[in-house]
$ cat query-v2.cif   # mmCIF, C-alpha atoms
data_work
#
loop_
_atom_site.label_atom_id
_atom_site.label_comp_id
_atom_site.auth_asym_id
_atom_site.auth_seq_id
_atom_site.Cartn_x
_atom_site.Cartn_y
_atom_site.Cartn_z
CA PHE A 28 -6.39 11.80 16.62
CA ASN A 29 -3.75 11.56 19.31
CA GLU A 30 -0.39 12.93 18.15
CA ASP A 31 1.27 11.11 21.05
CA ARG A 32 0.44 7.83 19.37
CA MET A 33 2.87 8.80 16.58
CA THR A 34 0.95 6.97 13.87
CA GLN A 35 3.28 6.39 10.93
CA ILE A 36 2.24 6.80 7.32
CA SER A 37 3.60 5.50 4.04
CA PHE A 38 2.68 5.89 0.38
CA GLU A 39 2.49 3.70 -2.70
CA PHE A 40 3.15 4.89 -6.26
CA PHE A 41 3.22 3.25 -9.67
CA SER A 42 5.43 3.78 -12.70
CA PRO A 43 4.10 6.46 -15.08
CA LYS A 44 3.41 5.45 -18.68
CA THR A 45 3.78 8.86 -20.34
CA ILE A 46 5.91 11.99 -19.99
CA THR A 47 2.84 13.90 -18.76
CA ALA A 48 2.19 11.21 -16.14
CA ALA A 49 5.83 11.38 -15.06
CA PHE A 50 5.57 15.12 -14.40
CA SER A 51 2.32 14.53 -12.51
CA LEU A 52 4.00 11.86 -10.36
CA SER A 53 6.87 14.23 -9.60
CA ARG A 54 4.43 16.92 -8.37
CA THR A 55 2.52 14.36 -6.30
CA ALA A 56 5.71 13.01 -4.75
CA LYS A 57 6.91 16.49 -3.75
CA THR A 58 3.55 17.29 -2.16
CA LEU A 59 3.29 14.05 -0.19
CA ALA A 60 6.95 14.10 0.86
CA GLY A 61 5.99 17.03 3.09
CA PHE A 62 4.13 14.60 5.37
CA ALA A 63 7.45 12.85 6.16
CA PRO A 64 6.36 9.28 5.37
CA GLN A 65 8.25 6.46 7.03
CA PHE A 66 8.67 4.85 3.61
CA SER A 67 7.25 4.81 0.10
CA SER A 68 6.90 1.94 -2.33
CA VAL A 69 6.82 1.57 -6.10
CA THR A 70 4.61 -1.11 -7.62
CA CYS A 71 5.98 -3.63 -10.08
CA SER A 72 5.32 -2.76 -13.71
CA LYS A 73 4.89 -5.54 -16.28
CA ASP A 74 8.31 -4.30 -17.37
CA PRO A 75 10.25 -4.43 -14.07
CA ALA A 76 12.88 -2.05 -15.50
CA LYS A 77 10.28 0.72 -15.25
CA THR A 78 10.05 0.11 -11.51
CA LEU A 79 13.80 0.72 -11.31
CA ASP A 80 13.46 3.94 -13.33
CA THR A 81 10.74 5.19 -11.00
CA LEU A 82 12.76 4.35 -7.89
CA GLN A 83 15.67 6.30 -9.34
CA ALA A 84 13.42 9.28 -10.08
CA LEU A 85 11.90 9.30 -6.58
CA ARG A 86 15.02 8.73 -4.49
CA GLN A 87 15.76 12.44 -4.03
CA THR A 88 12.21 13.55 -3.25
CA GLY A 89 12.19 13.00 0.53
CA LEU A 90 9.64 10.17 0.49
CA GLY A 91 11.37 8.18 3.21
CA ARG A 92 13.00 4.87 2.50
CA LEU A 93 11.99 3.43 -0.85
CA HIS A 94 10.86 -0.16 -1.32
CA ALA A 95 10.36 -1.99 -4.60
CA HIS A 96 7.44 -4.28 -5.30
CA VAL A 97 8.66 -7.57 -6.75
CA THR A 98 6.22 -10.17 -8.09
CA CYS A 99 6.67 -13.85 -8.80
CA ALA A 100 4.90 -13.27 -12.11
CA THR A 101 7.49 -10.84 -13.48
CA GLN A 102 10.71 -12.51 -12.33
CA LYS A 103 12.56 -15.54 -13.62
CA PRO A 104 14.34 -17.44 -10.84
CA ALA A 105 17.77 -17.16 -12.47
CA GLU A 106 17.45 -13.37 -12.78
CA LEU A 107 16.02 -12.53 -9.35
CA THR A 108 19.27 -11.85 -7.51
CA ALA A 109 20.52 -9.54 -10.26
CA TYR A 110 17.20 -7.66 -10.24
CA LEU A 111 17.25 -7.18 -6.47
CA LYS A 112 20.80 -5.82 -6.67
CA ALA A 113 19.66 -3.44 -9.44
CA ALA A 114 16.74 -2.34 -7.24
CA GLN A 115 19.14 -1.63 -4.38
CA SER A 116 21.36 0.39 -6.73
CA ALA A 117 18.27 2.39 -7.78
CA GLY A 118 17.55 3.27 -4.16
CA ALA A 119 15.44 0.42 -2.78
CA LYS A 120 16.12 -0.42 0.86
CA GLY A 121 13.65 -3.28 0.93
CA LEU A 122 10.99 -5.03 -1.09
CA ILE A 123 7.32 -5.86 -1.03
CA ALA A 124 6.98 -9.47 -2.14
CA LEU A 125 3.82 -10.41 -4.04
CA ARG A 126 2.55 -13.31 -6.10
CA GLY A 127 1.32 -11.03 -8.90
CA ASP A 128 -1.79 -11.22 -11.06
CA ASP A 129 -0.35 -13.51 -13.75
CA GLU A 130 0.86 -17.08 -13.41
CA PRO A 131 4.19 -17.12 -11.52
CA GLU A 132 7.29 -18.21 -13.44
CA GLY A 133 8.58 -20.92 -11.12
CA LEU A 134 8.80 -18.70 -8.03
CA ASP A 135 6.66 -18.28 -4.97
CA VAL A 136 6.68 -15.50 -2.40
CA LEU A 137 8.84 -17.57 -0.04
CA ASP A 138 11.55 -17.60 -2.75
CA LEU A 139 11.38 -13.80 -2.96
CA ILE A 140 11.72 -13.51 0.82
CA ALA A 141 14.69 -15.88 0.90
CA CYS A 142 16.46 -14.04 -1.90
CA ALA A 143 15.84 -10.66 -0.25
CA LYS A 144 17.36 -11.95 3.01
CA GLN A 145 20.43 -13.20 1.15
CA ASN A 146 20.81 -9.77 -0.42
CA THR A 147 20.55 -8.00 2.95
CA MET A 148 17.32 -6.16 2.17
CA GLN A 149 16.53 -4.13 5.30
CA LYS A 150 12.77 -4.61 5.16
CA ILE A 151 10.75 -7.42 3.64
CA PHE A 152 7.04 -6.68 3.37
CA VAL A 153 4.38 -9.15 2.27
CA THR A 154 0.68 -8.77 1.56
CA ALA A 155 -2.29 -9.76 3.71
CA TYR A 156 -5.99 -10.01 2.89
CA PRO A 157 -8.58 -8.98 5.50
CA GLU A 158 -11.33 -10.42 3.30
CA VAL A 159 -9.33 -13.52 2.23
CA HIS A 160 -7.22 -13.78 -0.92
CA PRO A 161 -9.42 -14.56 -3.97
CA LEU A 162 -7.42 -17.76 -4.64
CA ALA A 163 -7.31 -18.96 -1.01
CA GLN A 164 -9.25 -22.10 -0.13
CA SER A 165 -10.36 -20.73 3.23
CA THR A 166 -9.67 -18.09 5.85
CA LYS A 167 -7.48 -20.58 7.72
CA SER A 168 -5.40 -21.49 4.66
CA ASP A 169 -4.94 -17.79 3.93
CA LEU A 170 -3.67 -17.18 7.48
CA ASP A 171 -1.49 -20.30 7.31
CA TRP A 172 0.19 -18.84 4.23
CA LEU A 173 0.78 -15.52 6.00
CA LYS A 174 2.33 -17.44 8.92
CA ARG A 175 4.66 -19.22 6.48
CA LYS A 176 5.72 -15.86 5.06
CA GLN A 177 6.43 -14.61 8.57
CA ASP A 178 8.44 -17.72 9.41
CA ALA A 179 10.42 -17.31 6.18
CA GLY A 180 11.60 -13.88 7.31
CA ALA A 181 8.99 -11.27 6.37
CA THR A 182 9.26 -8.25 8.66
CA ALA A 183 5.76 -6.76 8.16
CA ALA A 184 2.57 -7.19 6.15
CA ILE A 185 0.50 -4.60 4.28
CA THR A 186 -3.15 -5.40 3.68
CA GLN A 187 -5.26 -5.20 0.58
CA PHE A 188 -7.52 -2.16 0.78
CA PHE A 189 -10.86 -2.40 2.56
CA PHE A 190 -13.73 -0.02 3.27
CA HIS A 191 -15.08 -1.40 6.52
CA THR A 192 -12.88 -1.48 9.61
CA ASP A 193 -14.50 -4.62 11.03
CA PHE A 194 -12.82 -6.70 8.31
CA PHE A 195 -9.38 -5.48 9.33
CA LEU A 196 -9.94 -5.73 13.08
CA ARG A 197 -11.32 -9.28 12.87
CA PHE A 198 -8.46 -10.28 10.59
CA ARG A 199 -5.89 -8.82 12.98
CA ASP A 200 -7.38 -10.78 15.88
CA LYS A 201 -7.46 -14.05 13.91
CA ALA A 202 -3.86 -13.51 12.80
CA ALA A 203 -2.78 -13.06 16.41
CA ASP A 204 -4.61 -16.25 17.38
CA GLN A 205 -2.67 -18.03 14.61
CA GLY A 206 0.67 -16.97 16.10
CA ILE A 207 1.28 -14.16 13.61
CA THR A 208 3.25 -11.47 15.41
CA LEU A 209 4.61 -9.33 12.57
CA PRO A 210 3.13 -5.83 12.23
CA ILE A 211 0.03 -5.80 10.01
CA ILE A 212 -0.30 -2.41 8.32
CA PRO A 213 -3.75 -1.48 7.00
CA GLY A 214 -3.74 -0.51 3.33
CA ILE A 215 -5.95 2.51 2.59
CA LEU A 216 -7.31 3.38 -0.86
CA PRO A 217 -8.55 6.98 -0.87
CA VAL A 218 -11.33 7.21 -3.47
CA GLN A 219 -10.10 9.23 -6.46
CA ASN A 220 -12.70 7.95 -8.95
CA TRP A 221 -15.67 5.97 -7.68
CA THR A 222 -16.24 3.99 -10.89
CA ALA A 223 -12.60 2.90 -11.03
CA THR A 224 -12.61 2.13 -7.31
CA GLN A 225 -15.61 -0.18 -7.68
CA ALA A 226 -13.88 -2.01 -10.52
CA MET A 227 -10.74 -2.52 -8.41
CA ALA A 228 -12.84 -3.72 -5.49
CA ARG A 229 -14.58 -6.31 -7.69
CA SER A 230 -11.28 -7.59 -9.05
CA CYS A 231 -9.75 -8.23 -5.64
CA GLY A 232 -12.81 -9.21 -3.61
CA THR A 233 -13.13 -6.05 -1.50
CA SER A 234 -16.66 -5.58 -0.12
CA ILE A 235 -18.62 -2.36 -0.55
CA ALA A 236 -21.70 -2.01 1.63
CA PRO A 237 -24.84 -0.73 -0.15
CA ASP A 238 -25.01 2.43 1.96
CA LEU A 239 -21.42 3.34 1.08
CA ALA A 240 -22.06 2.75 -2.63
CA GLU A 241 -25.21 4.88 -2.49
CA GLY A 242 -23.37 7.61 -0.57
CA PHE A 243 -20.68 7.88 -3.24
CA ALA A 244 -23.20 7.69 -6.08
CA ARG A 245 -25.19 10.55 -4.53
CA ALA A 246 -22.05 12.58 -3.89
CA GLU A 247 -21.03 12.22 -7.54
CA ARG A 248 -24.47 13.36 -8.70
CA GLU A 249 -24.26 16.39 -6.42
CA GLY A 250 -20.69 17.33 -7.39
CA ARG A 251 -19.14 16.65 -3.99
CA ALA A 252 -17.34 13.37 -4.65
CA GLU A 253 -13.99 14.65 -3.39
CA MET A 254 -15.55 15.91 -0.16
CA MET A 255 -17.16 12.51 0.36
CA ALA A 256 -13.87 10.72 -0.32
CA ILE A 257 -12.02 12.85 2.21
CA ALA A 258 -14.70 12.35 4.87
CA GLN A 259 -14.92 8.58 4.29
CA GLY A 260 -11.15 8.09 4.22
CA SER A 261 -10.57 10.24 7.30
CA GLU A 262 -13.22 8.40 9.31
CA LEU A 263 -11.83 5.00 8.28
CA CYS A 264 -8.31 5.98 9.33
CA ASP A 265 -9.46 7.60 12.56
CA ILE A 266 -11.28 4.44 13.66
CA LEU A 267 -8.22 2.32 12.84
CA ILE A 268 -6.02 4.62 14.92
CA GLN A 269 -8.49 4.46 17.81
CA TYR A 270 -8.21 0.66 17.68
CA GLY A 271 -4.44 0.69 17.81
CA ALA A 272 -3.21 0.96 14.23
CA GLU A 273 0.28 2.41 14.46
CA HIS A 274 0.86 2.74 10.71
CA LEU A 275 -1.33 3.52 7.68
CA HIS A 276 -0.25 2.76 4.10
CA PHE A 277 -1.93 4.86 1.40
CA TYR A 278 -2.44 3.65 -2.17
CA THR A 279 -2.07 7.07 -3.75
CA MET A 280 -2.83 6.23 -7.40
CA ASN A 281 -0.17 8.91 -8.09
CA ARG A 282 -2.52 11.70 -7.01
CA ALA A 283 -2.03 13.92 -3.98
CA GLU A 284 -5.25 15.87 -3.35
CA VAL A 285 -7.44 13.41 -1.43
CA VAL A 286 -4.49 11.66 0.24
CA SER A 287 -3.10 15.00 1.38
CA ALA A 288 -6.47 16.12 2.78
CA ILE A 289 -6.89 12.87 4.73
CA CYS A 290 -3.40 13.11 6.21
CA THR A 291 -4.11 16.71 7.22
CA ALA A 292 -7.43 15.70 8.80
CA LEU A 293 -5.54 13.10 10.85
CA GLY A 294 -3.31 15.80 12.27
CA LYS A 295 -0.29 15.32 10.04
CA ALA A 296 1.21 18.74 9.31
CA ARG A 297 2.83 19.06 5.90
CA LYS A 298 6.31 20.57 6.08
CA GLN A 299 7.40 23.02 3.41
CA SER A 300 10.87 22.52 1.99
CA LEU A 301 13.36 25.33 2.68
CA ARG A 302 13.71 25.87 -1.05
CA ARG A 303 10.00 26.56 -1.43
CA VAL A 304 9.85 28.85 1.58
CA ALA A 305 12.89 30.91 0.51
#
$ encode --input "query-v2.cif" --output "structure tokens"
Amino acid sequence: FNEDRMTQISFEFFSPKTITAAFSLSRTAKTLAGFAPQFSSVTCSKDPAKTLDTLQALRQTGLGRLHAHVTCATQKPAELTAYLKAAQSAGAKGLIALRGDDEPEGLDVLDLIACAKQNTMQKIFVTAYPEVHPLAQSTKSDLDWLKRKQDAGATAAITQFFFHTDFFLRFRDKAADQGITLPIIPGILPVQNWTATQAMARSCGTSIAPDLAEGFARAEREGRAEMMAIAQGSELCDILIQYGAEHLHFYTMNRAEVVSAICTALGKARKQSLRRVA
């Protein structure tokens, strides 16, 4: 890891469903804020109001600029502008525009981008898929859609998580060949629970090589799953940095331990707040 490269990091959180989960998120946020992320994002709950509540709760935690996920599936066209203004009032400086898992309600991502620009959102992130979006007809059509999002005004893209760097590096090269010039930030999913991780990978088309699956299965049997997760995540990030990645976006799953260990392994020193030191 070369500190001179100044690799940026950012974190993603989701809205807690219980009081206990809310306290857990607060502890996680305070821990990860010490790594001085460039920004942090809050995913879109099925009830978008919960996203606003979480933004409000996190705005004083030192997590960098906050961005709200907004999905076509959870917004009605007539209500979008009002929701974006509410997100800004709750602390959001930008948004991450997504289609969403459910059927969109008359919106597409280009509508979200246009509305964000009209409401002077500072940053407009979109998603990208190193292994091709599950609904895309082809790799080319997937890249064409990313180019359209860039042309509409997106300022950066964050990828779906992946476990093998070749997927990201090939995708980045193909995107460049397609005239895509916006920054493409690799999305990193540190493994918190291998069974849950496999389920997420199946649902979004993320490949897991047999040797990686066997490695995690063996680590779980031997009681060293967290050690394996830290080693695997650190190696993945280190290779990406070696190949020019200037920013890494961590899907934290609202837990700090593995994410924190990976950031430390990459040379990111966690700063203690003055209040805690005093």
$ atom_distance --input "query-v2.cif" --atom1 "atom CA of A:Ser72" --atom2 "atom CA of A:Arg282"
17.8 Å
$ residues_around --input "query-v2.cif" --residues "A:Ile36" --least-positions-apart "4" --cutoff "10 Å" --atoms "only C-alpha atoms" --output "short mmCIF file (atom, residue, chain, number, x, y, z; two decimals) with C-alpha atoms, keeping the file's coordinate frame"
data_model
loop_
_atom_site.label_atom_id
_atom_site.label_comp_id
_atom_site.auth_asym_id
_atom_site.auth_seq_id
_atom_site.Cartn_x
_atom_site.Cartn_y
_atom_site.Cartn_z
CA PHE A 62 4.13 14.60 5.37
CA ALA A 63 7.45 12.85 6.16
CA PRO A 64 6.36 9.28 5.37
CA GLN A 65 8.25 6.46 7.03
CA PHE A 66 8.67 4.85 3.61
CA SER A 67 7.25 4.81 0.10
CA ILE A 212 -0.30 -2.41 8.32
CA GLU A 273 0.28 2.41 14.46
CA HIS A 274 0.86 2.74 10.71
CA LEU A 275 -1.33 3.52 7.68
CA HIS A 276 -0.25 2.76 4.10
CA PHE A 277 -1.93 4.86 1.40
CA CYS A 290 -3.40 13.11 6.21
CA LYS A 295 -0.29 15.32 10.04
#
$ closest_residue --input "query-v2.cif" --among "A:Phe243, A:Phe188, A:Arg229, A:Ala155" --to "A:Ile207" --atoms "only C-alpha atoms"
A:Ala155
$ resolve_selection --input "query-v2.cif" --expression "the PyMOL selection byres ((chain A and resi 192) around 9)" --output "number ranges by chain"
A: 189-191, 193-197, 263-264, 266-267
$ closest_residue --input "query-v2.cif" --among "A:Ala114, A:Cys231, A:Val286, A:Ala272" --to "A:His160" --atoms "all atoms listed in the file"
A:Cys231
$ resolve_selection --input "query-v2.cif" --expression "the PyMOL selection byres ((chain A and resi 88) around 9)" --output "PDB file with C-alpha atoms, in the frame of the given file"
ATOM      1  CA  SER A  53       6.870  14.230  -9.600  1.00  0.00           C
ATOM      2  CA  ALA A  56       5.710  13.010  -4.750  1.00  0.00           C
ATOM      3  CA  LYS A  57       6.910  16.490  -3.750  1.00  0.00           C
ATOM      4  CA  ALA A  60       6.950  14.100   0.860  1.00  0.00           C
ATOM      5  CA  ALA A  84      13.420   9.280 -10.080  1.00  0.00           C
ATOM      6  CA  LEU A  85      11.900   9.300  -6.580  1.00  0.00           C
ATOM      7  CA  ARG A  86      15.020   8.730  -4.490  1.00  0.00           C
ATOM      8  CA  GLN A  87      15.760  12.440  -4.030  1.00  0.00           C
ATOM      9  CA  GLY A  89      12.190  13.000   0.530  1.00  0.00           C
ATOM     10  CA  LEU A  90       9.640  10.170   0.490  1.00  0.00           C
ATOM     11  CA  GLY A  91      11.370   8.180   3.210  1.00  0.00           C
TER      12      GLY A  91
END
$ resolve_selection --input "query-v2.cif" --expression "the PyMOL selection byres ((chain A and resi 55) around 10)" --output "list in words"
Phe40, Ala49, Phe50, Ser51, Leu52, Ser53, Arg54, Ala56, Lys57, Thr58, Leu59, Ala60, Thr279, Met280, Asn281, Arg282, Ala283, Glu284, Val286 and Ser287 of chain A
$ closest_residue --input "query-v2.cif" --among "A:Thr233, A:Thr154, A:Thr291, A:Ser116" --to "A:Lys174" --atoms "only C-alpha atoms"
A:Thr154
$ closest_residue --input "query-v2.cif" --among "A:Pro213, A:Gly206, A:Glu158, A:Lys298" --to "A:Asp178" --atoms "all atoms listed in the file"
A:Gly206
$ residues_around --input "query-v2.cif" --residues "A:Ala119" --least-positions-apart "6" --cutoff "12 Å" --atoms "all atoms listed in the file" --output "ChimeraX atom specification"
/A:66-70,78-86,90-97,110-113,143,146-151
$ closest_residue --input "query-v2.cif" --among "A:Ile185, A:Ala202, A:Ala105, A:Cys99" --to "A:Asp169" --atoms "all atoms listed in the file"
A:Ala202
$ closest_residue --input "query-v2.cif" --among "A:Cys142, A:Ala48, A:Leu137, A:Val285" --to "A:Leu173" --atoms "all atoms listed in the file"
A:Leu137
$ atom_distance --input "query-v2.cif" --atom1 "atom CA of A:Leu170" --atom2 "atom CA of A:Leu209"
12.5 Å
$ atom_distance --input "query-v2.cif" --atom1 "atom CA of A:Lys201" --atom2 "atom CA of A:Asp171"
10.9 Å
